$ cat final21.cif   # mmCIF, C-alpha atoms and all ligand atoms
data_model
loop_
_atom_site.label_atom_id
_atom_site.label_comp_id
_atom_site.auth_asym_id
_atom_site.auth_seq_id
_atom_site.Cartn_x
_atom_site.Cartn_y
_atom_site.Cartn_z
CA MET A 220 41.81 12.36 -27.16
CA ILE A 221 43.88 10.88 -24.32
CA MET A 222 44.51 14.41 -23.06
CA ILE A 223 40.77 15.13 -22.97
CA LEU A 224 40.04 11.86 -21.13
CA ASN A 225 42.78 12.60 -18.61
CA THR A 226 41.35 16.05 -17.93
CA MET A 227 37.92 14.49 -17.42
CA VAL A 228 39.29 11.95 -14.95
CA MET A 229 41.18 14.69 -13.10
CA ASP A 230 37.99 16.76 -12.89
CA MET A 231 36.09 13.77 -11.56
CA LEU A 232 38.73 13.10 -8.92
CA LYS A 233 38.68 16.75 -7.89
CA GLU A 234 34.91 16.55 -7.58
CA PHE A 235 35.29 13.50 -5.37
CA ALA A 236 37.62 15.39 -3.05
CA ASP A 237 34.79 17.92 -2.64
CA MET A 238 32.46 15.25 -1.23
CA PRO A 239 31.21 16.09 2.31
CA ALA A 240 33.10 14.85 5.38
CA ASP A 241 32.95 11.14 6.07
CA ALA A 242 30.64 11.15 9.10
CA GLY A 243 27.93 13.23 7.46
CA LEU A 244 28.20 11.15 4.31
CA LYS A 245 27.83 7.92 6.28
CA ASP A 246 24.71 9.20 8.02
CA ALA A 247 23.21 10.33 4.72
CA LEU A 248 23.96 6.94 3.15
CA LYS A 249 22.37 5.12 6.10
CA GLU A 250 19.28 7.32 5.87
CA PHE A 251 19.19 6.73 2.11
CA ALA A 252 19.35 2.95 2.65
CA ASP A 253 16.72 3.02 5.41
CA MET A 254 14.32 5.08 3.29
CA SER A 255 14.88 2.76 0.32
CA VAL A 256 14.18 -0.43 2.29
CA GLY A 257 11.29 1.15 4.22
CA ALA A 258 9.61 2.06 0.92
CA GLY A 259 10.76 -1.04 -0.99
CA ILE A 260 9.12 -3.55 1.37
CA ARG A 261 5.73 -2.00 0.62
CA THR A 262 4.38 -3.86 -2.39
CA ASP A 263 1.45 -1.43 -2.44
CA TRP A 264 4.03 1.34 -3.12
CA ILE A 265 6.71 -0.44 -5.19
CA GLN A 266 6.79 -3.46 -7.47
CA ALA A 267 9.87 -5.29 -8.88
CA ALA A 268 12.83 -2.90 -9.34
CA GLY A 269 10.52 0.10 -9.83
CA GLY A 270 10.50 3.33 -7.85
CA ASN A 271 13.57 5.21 -6.70
CA THR A 272 15.07 7.26 -3.89
CA SER A 273 17.66 10.03 -3.65
CA VAL A 274 19.40 12.18 -1.04
CA LYS A 275 21.31 15.33 -1.95
CA ILE A 276 24.59 15.34 -0.02
CA SER A 277 26.18 18.59 -1.25
CA ASP A 278 25.52 21.48 -3.62
CA ASP A 279 26.10 19.19 -6.58
CA LEU A 280 26.14 15.54 -5.50
CA MET A 281 23.38 13.12 -4.57
CA TYR A 282 22.95 9.48 -3.73
CA ILE A 283 20.44 7.85 -6.04
CA LYS A 284 19.28 4.28 -6.46
CA ALA A 285 21.30 2.42 -9.09
CA SER A 286 19.44 1.13 -12.14
CA GLY A 287 17.90 -2.35 -11.87
CA VAL A 288 18.26 -2.54 -8.08
CA ARG A 289 15.22 -3.38 -5.95
CA LEU A 290 14.66 -0.74 -3.28
CA CYS A 291 14.25 -3.38 -0.56
CA GLU A 292 17.75 -4.69 -1.40
CA VAL A 293 19.57 -1.37 -0.98
CA ASN A 294 22.07 -1.18 1.87
CA GLU A 295 25.09 0.93 2.74
CA GLU A 296 27.30 -1.19 0.46
CA TYR A 297 24.88 -1.90 -2.36
CA GLY A 298 22.49 -0.05 -4.63
CA ALA A 299 23.54 3.61 -4.23
CA SER A 300 25.21 5.59 -7.02
CA VAL A 301 26.68 9.06 -6.58
CA VAL A 302 25.62 11.50 -9.28
CA ASP A 303 26.43 15.15 -10.02
CA TYR A 304 22.88 16.49 -10.30
CA LYS A 305 24.06 19.88 -11.58
CA ILE A 306 25.22 18.13 -14.77
CA ILE A 307 21.82 16.44 -15.09
CA LEU A 308 20.14 19.83 -14.66
CA GLU A 309 22.34 21.35 -17.39
CA PHE A 310 21.09 18.66 -19.78
CA LEU A 311 17.48 19.43 -18.86
CA GLU A 312 18.10 23.13 -19.46
CA LYS A 313 19.69 22.44 -22.86
CA GLY A 314 16.47 20.80 -24.01
CA ARG A 315 17.91 17.97 -26.12
CA LEU A 316 15.71 15.12 -25.05
CA ASP A 317 16.74 12.18 -27.22
CA GLU A 318 18.15 8.81 -26.18
CA ALA A 319 21.73 9.88 -26.87
CA ALA A 320 21.44 12.94 -24.63
CA GLU A 321 19.91 10.75 -21.91
CA LYS A 322 22.74 8.23 -22.04
CA ASN A 323 25.36 10.95 -22.21
CA ALA A 324 23.94 12.85 -19.24
CA LEU A 325 23.79 9.76 -17.02
CA SER A 326 27.34 8.67 -17.83
CA MET A 327 28.82 12.18 -17.54
CA ALA A 328 27.11 12.79 -14.19
CA LEU A 329 28.06 9.44 -12.60
CA ARG A 330 30.70 9.90 -9.90
CA GLN A 331 30.55 6.59 -8.04
CA GLY A 332 28.78 3.24 -8.35
CA THR A 333 26.97 1.68 -11.28
CA ARG A 334 24.56 3.21 -13.84
CA PRO A 335 22.05 5.38 -11.94
CA SER A 336 18.27 5.00 -12.24
CA ILE A 337 16.70 6.19 -15.49
CA GLU A 338 14.65 8.55 -13.28
CA THR A 339 17.79 10.40 -12.11
CA PHE A 340 16.48 13.35 -14.15
CA LEU A 341 13.39 13.91 -12.02
CA HIS A 342 15.51 13.73 -8.84
CA SER A 343 17.88 16.50 -9.96
CA PHE A 344 15.68 19.47 -8.94
CA THR A 345 13.39 18.13 -6.18
CA GLY A 346 13.95 18.57 -2.41
CA LYS A 347 16.82 17.13 -0.37
CA TYR A 348 15.14 13.72 0.17
CA THR A 349 13.04 12.36 -2.67
CA LEU A 350 10.94 9.22 -2.88
CA HIS A 351 9.32 8.19 -6.15
CA THR A 352 6.80 5.34 -5.88
CA HIS A 353 4.21 3.54 -8.02
CA PRO A 354 1.43 3.24 -5.44
CA VAL A 355 -1.71 1.23 -6.13
CA ALA A 356 -4.07 3.79 -4.52
CA ALA A 357 -2.62 6.75 -6.45
CA ASN A 358 -2.66 4.81 -9.71
CA VAL A 359 -6.40 4.18 -9.39
CA LEU A 360 -6.82 7.92 -10.04
CA LEU A 361 -3.71 8.34 -12.21
CA SER A 362 -5.09 5.73 -14.61
CA SER A 363 -8.67 6.98 -14.71
CA GLU A 364 -10.25 9.48 -17.08
CA ASN A 365 -10.80 12.41 -14.71
CA GLY A 366 -8.35 11.23 -12.10
CA MET A 367 -5.81 14.04 -12.57
CA LYS A 368 -8.52 16.67 -11.99
CA GLU A 369 -9.69 14.82 -8.88
CA LEU A 370 -6.13 14.70 -7.54
CA LYS A 371 -5.67 18.43 -8.11
CA LYS A 372 -8.88 19.05 -6.13
CA LEU A 373 -7.71 16.78 -3.31
CA PHE A 374 -4.20 18.30 -3.27
CA PRO A 375 -4.37 21.87 -4.69
CA GLU A 376 -0.71 22.46 -3.76
CA SER A 377 0.46 19.47 -5.83
CA LEU A 378 1.93 19.38 -9.32
CA CYS A 379 0.03 17.16 -11.77
CA VAL A 380 2.05 16.15 -14.84
CA GLY A 381 0.62 14.44 -17.93
CA TYR A 382 2.01 11.15 -19.22
CA CYS A 383 5.58 11.16 -20.56
CA THR A 384 8.13 8.44 -21.37
CA PRO A 385 10.25 7.75 -18.25
CA GLY A 386 13.76 9.20 -18.34
CA ILE A 387 14.97 12.53 -19.74
CA LYS A 388 11.61 13.36 -21.39
CA LEU A 389 9.67 12.88 -18.16
CA GLY A 390 12.36 14.75 -16.20
CA ALA A 391 12.18 17.74 -18.57
CA GLU A 392 8.38 17.83 -18.49
CA ILE A 393 8.28 17.86 -14.67
CA TYR A 394 11.13 20.40 -14.54
CA LYS A 395 9.18 22.81 -16.78
CA ALA A 396 6.12 22.63 -14.53
CA TYR A 397 8.26 22.69 -11.36
CA LYS A 398 10.03 25.92 -12.37
CA SER A 399 6.76 27.72 -13.05
CA ALA A 400 5.19 26.75 -9.68
CA ALA A 401 4.93 29.56 -7.09
CA GLU A 402 6.41 27.32 -4.36
CA PRO A 403 8.60 24.23 -4.91
CA PRO A 404 5.95 21.48 -4.80
CA GLU A 405 6.41 18.60 -2.33
CA ILE A 406 3.80 16.41 -4.02
CA ILE A 407 4.00 15.53 -7.72
CA PHE A 408 1.56 13.21 -9.49
CA LEU A 409 2.55 11.56 -12.76
CA GLN A 410 -0.29 10.39 -15.00
CA ASN A 411 -0.32 6.62 -15.69
CA HIS A 412 2.80 6.31 -13.57
CA GLY A 413 3.19 7.34 -9.93
CA LEU A 414 3.96 9.74 -7.13
CA ILE A 415 6.97 11.84 -6.12
CA ILE A 416 7.33 13.24 -2.60
CA SER A 417 10.27 15.32 -1.46
CA GLY A 418 11.23 17.08 1.75
CA ASP A 419 13.94 17.79 4.30
CA SER A 420 14.16 14.36 5.95
CA SER A 421 13.51 10.74 5.04
CA GLU A 422 11.02 10.47 7.90
CA TYR A 423 9.05 13.42 6.56
CA VAL A 424 9.03 11.97 3.03
CA MET A 425 7.90 8.50 4.19
CA ASN A 426 5.14 9.92 6.42
CA LYS A 427 3.98 12.33 3.72
CA THR A 428 3.78 9.48 1.17
CA GLN A 429 1.56 7.51 3.57
CA GLU A 430 -0.51 10.59 4.40
CA VAL A 431 -1.18 11.37 0.71
CA LEU A 432 -2.08 7.73 0.02
CA ASP A 433 -4.39 7.59 3.07
CA ILE A 434 -6.32 10.61 1.73
CA ILE A 435 -6.59 8.99 -1.72
CA SER A 436 -7.59 5.61 -0.22
CA ASP A 437 -10.41 7.27 1.75
CA TYR A 438 -11.51 9.16 -1.35
CA ILE A 439 -11.67 6.08 -3.59
CA GLY A 440 -13.26 3.99 -0.83
CA ALA A 441 -10.44 1.45 -0.51
CA GLY A 442 -10.87 -0.71 2.57
CA GLU A 443 -8.34 -1.54 5.28
CA ASN A 444 -4.83 -1.84 3.87
CA PRO A 445 -3.00 -4.91 5.28
CA ASP A 446 0.31 -3.60 3.81
CA LYS A 447 0.46 -0.82 6.42
CA LEU A 448 1.21 -3.49 9.04
CA VAL A 449 4.37 -4.37 7.05
CA SER A 450 5.79 -0.93 7.94
CA GLU A 451 4.61 -1.18 11.55
CA ILE A 452 6.24 -4.60 12.05
CA TYR A 453 9.42 -3.35 10.34
CA THR A 454 9.57 -0.36 12.72
CA ALA A 455 8.99 -2.63 15.74
CA VAL A 456 11.74 -5.05 14.63
CA ARG A 457 14.20 -2.16 14.22
CA GLU A 458 13.30 -0.78 17.63
CA ILE A 459 14.02 -4.15 19.20
CA ASP A 460 17.15 -4.71 17.11
CA PRO A 461 18.56 -1.38 15.79
CA GLN A 462 21.17 -3.32 13.77
CA TYR A 463 18.45 -5.26 11.89
CA LYS A 464 19.22 -5.31 8.16
CA GLY A 465 16.44 -7.59 6.96
CA ILE A 466 13.00 -7.04 5.50
CA VAL A 467 9.35 -7.66 6.30
CA CYS A 468 6.83 -8.68 3.67
CA ARG A 469 3.22 -9.79 3.41
CA SER A 470 2.48 -12.99 1.54
CA GLU A 471 0.15 -12.69 -1.42
CA ASN A 472 0.36 -16.41 -2.18
CA ARG A 473 -2.95 -17.87 -3.29
CA TYR A 474 -2.58 -21.23 -1.46
CA ILE A 475 -1.62 -19.52 1.80
CA TYR A 476 -4.66 -17.29 1.48
CA GLU A 477 -6.91 -20.32 0.77
CA ALA A 478 -5.56 -22.38 3.68
CA LEU A 479 -6.09 -19.49 6.10
CA LYS A 480 -9.57 -18.83 4.79
CA MET A 481 -10.47 -22.51 5.11
CA ASN A 482 -9.29 -22.41 8.72
CA GLY A 483 -11.31 -19.33 9.69
CA GLY A 484 -8.28 -17.01 9.50
CA ARG A 485 -6.31 -19.14 11.96
CA MET A 486 -3.02 -20.91 11.24
CA TRP A 487 -3.41 -24.37 9.74
CA LYS A 488 -1.39 -27.39 10.93
CA TYR A 489 1.73 -26.43 9.01
CA ARG A 490 4.45 -28.38 10.85
CA THR A 491 4.11 -31.47 8.68
CA CYS A 492 7.69 -31.68 7.29
CA PRO A 493 11.15 -30.82 8.66
CA ASP A 494 11.48 -27.82 6.27
CA CYS A 495 8.21 -26.34 7.56
CA VAL A 496 9.68 -26.24 11.07
CA VAL A 497 13.18 -25.16 10.03
CA TYR A 498 11.98 -22.35 7.72
CA CYS A 499 8.84 -21.16 9.52
CA GLY A 500 9.67 -21.88 13.18
CA GLU A 501 7.90 -23.92 15.82
CA ASN A 502 5.27 -21.28 16.35
CA ILE A 503 3.57 -18.67 14.15
CA PRO A 504 2.04 -16.19 16.61
CA ASP A 505 -1.24 -14.38 15.91
CA ILE A 506 -0.70 -10.65 16.48
CA SER A 507 -4.24 -9.62 15.41
CA GLY A 508 -3.36 -6.46 13.52
CA SER A 509 -1.33 -4.97 16.36
CA ALA A 510 2.33 -3.96 16.14
CA GLU A 511 2.20 -3.75 19.96
CA ALA A 512 1.27 -7.45 20.19
CA PHE A 513 4.16 -8.19 17.82
CA ARG A 514 6.55 -6.18 20.03
CA ASN A 515 5.38 -8.00 23.18
CA TYR A 516 5.85 -11.40 21.58
CA ALA A 517 9.26 -10.54 20.07
CA GLU A 518 10.56 -9.16 23.36
CA ARG A 519 9.60 -12.35 25.21
CA PHE A 520 10.46 -15.03 22.65
CA GLY A 521 12.72 -13.34 20.08
CA ILE A 522 11.81 -11.99 16.64
CA PRO A 523 9.63 -14.59 14.88
CA GLY A 524 10.16 -15.52 11.22
CA VAL A 525 6.45 -15.53 10.39
CA VAL A 526 3.44 -13.92 12.08
CA LEU A 527 -0.27 -14.18 11.45
CA SER A 528 -2.56 -11.20 11.55
CA GLU A 529 -6.21 -11.00 10.55
CA GLY A 530 -6.00 -13.71 7.91
CA GLU A 531 -2.64 -12.57 6.47
CA LEU A 532 0.88 -13.91 6.92
CA TYR A 533 3.84 -11.55 7.38
CA ILE A 534 7.39 -12.82 6.86
CA ILE A 535 10.40 -11.35 8.66
CA ALA A 536 13.59 -12.45 6.89
CA PRO A 537 17.23 -11.37 6.36
CA ASP A 538 16.61 -10.65 2.66
CA LEU A 539 14.14 -11.05 -0.20
CA LYS A 540 15.51 -14.43 -1.28
CA LYS A 541 15.12 -15.90 2.22
CA ALA A 542 11.62 -14.42 2.45
CA MET A 543 10.74 -16.12 -0.83
CA ASP A 544 12.15 -19.42 0.48
CA ILE A 545 9.96 -19.17 3.58
CA GLU A 546 6.91 -18.30 1.47
CA SER A 547 7.59 -21.23 -0.82
CA VAL A 548 7.70 -23.66 2.12
CA LEU A 549 4.53 -22.11 3.60
CA SER A 550 2.83 -22.46 0.22
CA PHE A 551 3.82 -26.15 0.07
CA SER A 552 2.34 -26.69 3.51
CA ALA A 553 -0.80 -24.71 2.60
CA LYS A 554 -1.34 -26.91 -0.48
CA ILE A 555 -1.22 -29.98 1.78
CA ALA A 556 -3.76 -28.39 4.15
CA VAL A 557 -6.10 -27.39 1.31
CA SER A 558 -5.96 -30.91 -0.17
CA SER A 559 -6.44 -32.68 3.19
CA ILE A 560 -10.12 -31.93 3.74
CA GLY A 561 -11.67 -34.84 5.65
CA ARG A 562 -8.26 -36.05 6.84
CA ASP A 563 -6.65 -35.46 10.20
CA ILE A 564 -3.28 -33.82 9.58
CA GLN A 565 -0.45 -35.34 11.62
CA GLU A 566 2.27 -32.87 12.53
CA ILE A 567 5.86 -33.76 13.46
CA PRO A 568 6.02 -34.59 17.24
CA CYS A 569 6.79 -31.64 19.54
CA GLU A 570 10.20 -32.96 20.71
CA GLU A 571 11.29 -33.43 17.10
CA GLN A 572 10.13 -29.88 16.27
CA SER A 573 12.31 -28.54 19.11
CA PHE A 574 15.23 -30.67 17.90
CA LEU A 575 14.86 -29.36 14.35
CA THR A 576 14.76 -25.71 15.46
CA GLU A 577 17.77 -26.18 17.75
CA TRP A 578 19.64 -28.13 15.09
CA ASP A 579 19.02 -25.40 12.54
CA ALA A 580 20.06 -22.66 14.99
CA GLU A 581 23.30 -24.58 15.66
CA LYS A 582 24.00 -24.95 11.92
CA TYR A 583 23.34 -21.21 11.49
CA ARG A 584 25.74 -20.33 14.29
CA LYS A 585 28.43 -22.49 12.68
CA GLN A 586 27.93 -20.72 9.36
CA MET A 587 28.35 -17.35 11.07
CA LYS A 588 31.77 -18.26 12.54
ZN ZN B 1 8.58 5.53 -11.96
#
$ encode --input "final21.cif" --output "structure tokens" --more "lines below"
Ligand SMILES: [Zn+2]
Amino acid sequence: MIMILNTMVMDMLKEFADMPADAGLKDALKEFADMSVGAGIRTDWIQAAGGNTSVKISDDLMYIKASGVRLCEVNEEYGASVVDYKIILEFLEKGRLDEAAEKNALSMALRQGTRPSIETFLHSFTGKYTLHTHPVAANVLLSSENGMKELKKLFPESLCVGYCTPGIKLGAEIYKAYKSAAEPPEIIFLQNHGLIISGDSSEYVMNKTQEVLDIISDYIGAGENPDKLVSEIYTAVREIDPQYKGIVCRSENRYIYEALKMNGGRMWKYRTCPDCVVYCGENIPDISGSAEAFRNYAERFGIPGVVLSEGELYIIAPDLKKAMDIESVLSFSAKIAVSSIGRDIQEIPCEEQSFLTEWDAEKYRKQMK
């Protein structure tokens, strides 16, 4: 038994030595992280720890999102597992699709990191870069009676796969259809589930996902999508600060929505408590749906923590937890505004607002030392 284990470990180490040169691997990991965050901040594409990403880095290894990790939290040090996808493919070929085979395949194929996503199976045969999402627009058709037929008409080159339990069963079902396709399909629709797009670069995969969803949105008559501005702001922030590691998100908080609506889509008097100033800043600029307006403001005054656009608030924060903190403070302030009808809201005096922002910046700088 010990002998067998030792041989396995030796094989794994040998495999590791075959990993591509450092520089190429680093670039691939960065692209993997960027694609994961870029997709993960879109709540119209991904919810909770759903969806997954992968990048094939050699003839047998790929980076894939680790199980239970949120895509928007992936970075170069967190959230990527290295898996031998050839081993996963062998399991799919063998055709044993029970829970034990699934568990066995995932643990035998793992080369680095924690347990890989349950959807590792469907990533083992797709293109070099693969993004699997659960988009709202696609699921309108994926969850409707004739939706699969409509999708096939809209995208004749796509693969449409009937419902299957996520994991090895779903992987095997897609693999069967994938192998019999004339050309390797770039677009795969999964009934009552989601979308898979693969291609040669992360940029291609991200753009293709948006393109497919734009066509579906037009077809189902969905109106303007405020979540697209999340991606545009994120791109602008990263152009201004290429080292930016944070996220952008759109608030869906009910009180924030009510306070904005009550105020004709304009920002309410939110600077009523020290936390409102410290967390949300002295000013929440209105960028009116334009990433260009955001860029102009950020270049002049620095990247803001919160921006307003066409009755929606967008939060720019170092991570999800900080974004949730900011939203919670904004929600508190919105509740005050909504409950203050007929009263004149008194904000903290301007000099005190400046003091609070400076004071917080100073505290932040100290923490960074
Ligand atoms: Zn899924």
$ residues_around --input "final21.cif" --residues "stretch 242-248 of chain A" --least-positions-apart "3" --cutoff "8 Å" --atoms "only C-alpha atoms" --output "list in words"
Pro239, Phe251, Ala252, Val274, Ile276, Tyr282 and Glu295 of chain A
$ residues_around --input "final21.cif" --residues "A:Glu458" --least-positions-apart "4" --cutoff "12 Å" --atoms "only C-alpha atoms" --output "PyMOL selection string"
chain A and resi 451-454+462-463+510-511+513-514+517-518+522
$ closest_residue --input "final21.cif" --among "A:Cys492, A:Ile283, A:Asn271, A:Pro403" --to "A:Gly346" --atoms "all atoms listed in the file"
A:Pro403
$ residues_near_ligand --input "final21.cif" --ligand "ligand ZN 1 (chain B)" --cutoff "12 Å" --atoms "all atoms listed in the file" --output "count of residues only"
39
$ residues_around --input "final21.cif" --residues "A:Ser326" --least-positions-apart "2" --cutoff "12 Å" --atoms "only C-alpha atoms" --output "VMD selection string"
chain A and resid 231 300 to 304 306 to 307 310 319 to 324 328 to 337 339
$ atom_distance --input "final21.cif" --atom1 "atom CA of A:Gly500" --atom2 "atom CA of A:Gln565"
16.9 Å
$ atom_distance --input "final21.cif" --atom1 "atom CA of A:Tyr533" --atom2 "atom CA of A:Arg519"
18.8 Å
$ closest_residue --input "final21.cif" --among "A:Leu532, A:Ala542, A:Cys495, A:Ala299" --to "A:Glu471" --atoms "only C-alpha atoms"
A:Leu532
$ closest_residue --input "final21.cif" --among "A:Leu370, A:Leu325, A:Leu280, A:Val380" --to "A:Phe344" --atoms "all atoms listed in the file"
A:Leu280
$ axis_aligned_box --input "final21.cif" --around "stretch 494-510 of chain A" --padding-each-side "6 Å" --output "AutoDock Vina command-line options"
--center_x 4.5 --center_y -15.9 --center_z 11.4 --size_x 29.4 --size_y 35.9 --size_z 22.3
$ atom_distance --input "final21.cif" --atom1 "atom CA of A:Met425" --atom2 "atom CA of A:Gly298"
19.1 Å
$ closest_residue --input "final21.cif" --among "A:Leu448, A:Met254, A:Ile567, A:Ile560" --to "A:Ser273" --atoms "only C-alpha atoms"
A:Met254
$ closest_residue --input "final21.cif" --among "A:Glu292, A:Met327, A:Leu549, A:Gly381" --to "A:Lys368" --atoms "all atoms listed in the file"
A:Gly381
$ closest_residue --input "final21.cif" --among "A:Ile260, A:Met481, A:Leu308, A:Ile393" --to "A:Gly465" --atoms "only C-alpha atoms"
A:Ile260
$ residues_around --input "final21.cif" --residues "A:Ala357" --least-positions-apart "2" --cutoff "7 Å" --atoms "only C-alpha atoms" --output "ChimeraX atom specification"
/A:354-355,359-361,413,432,435
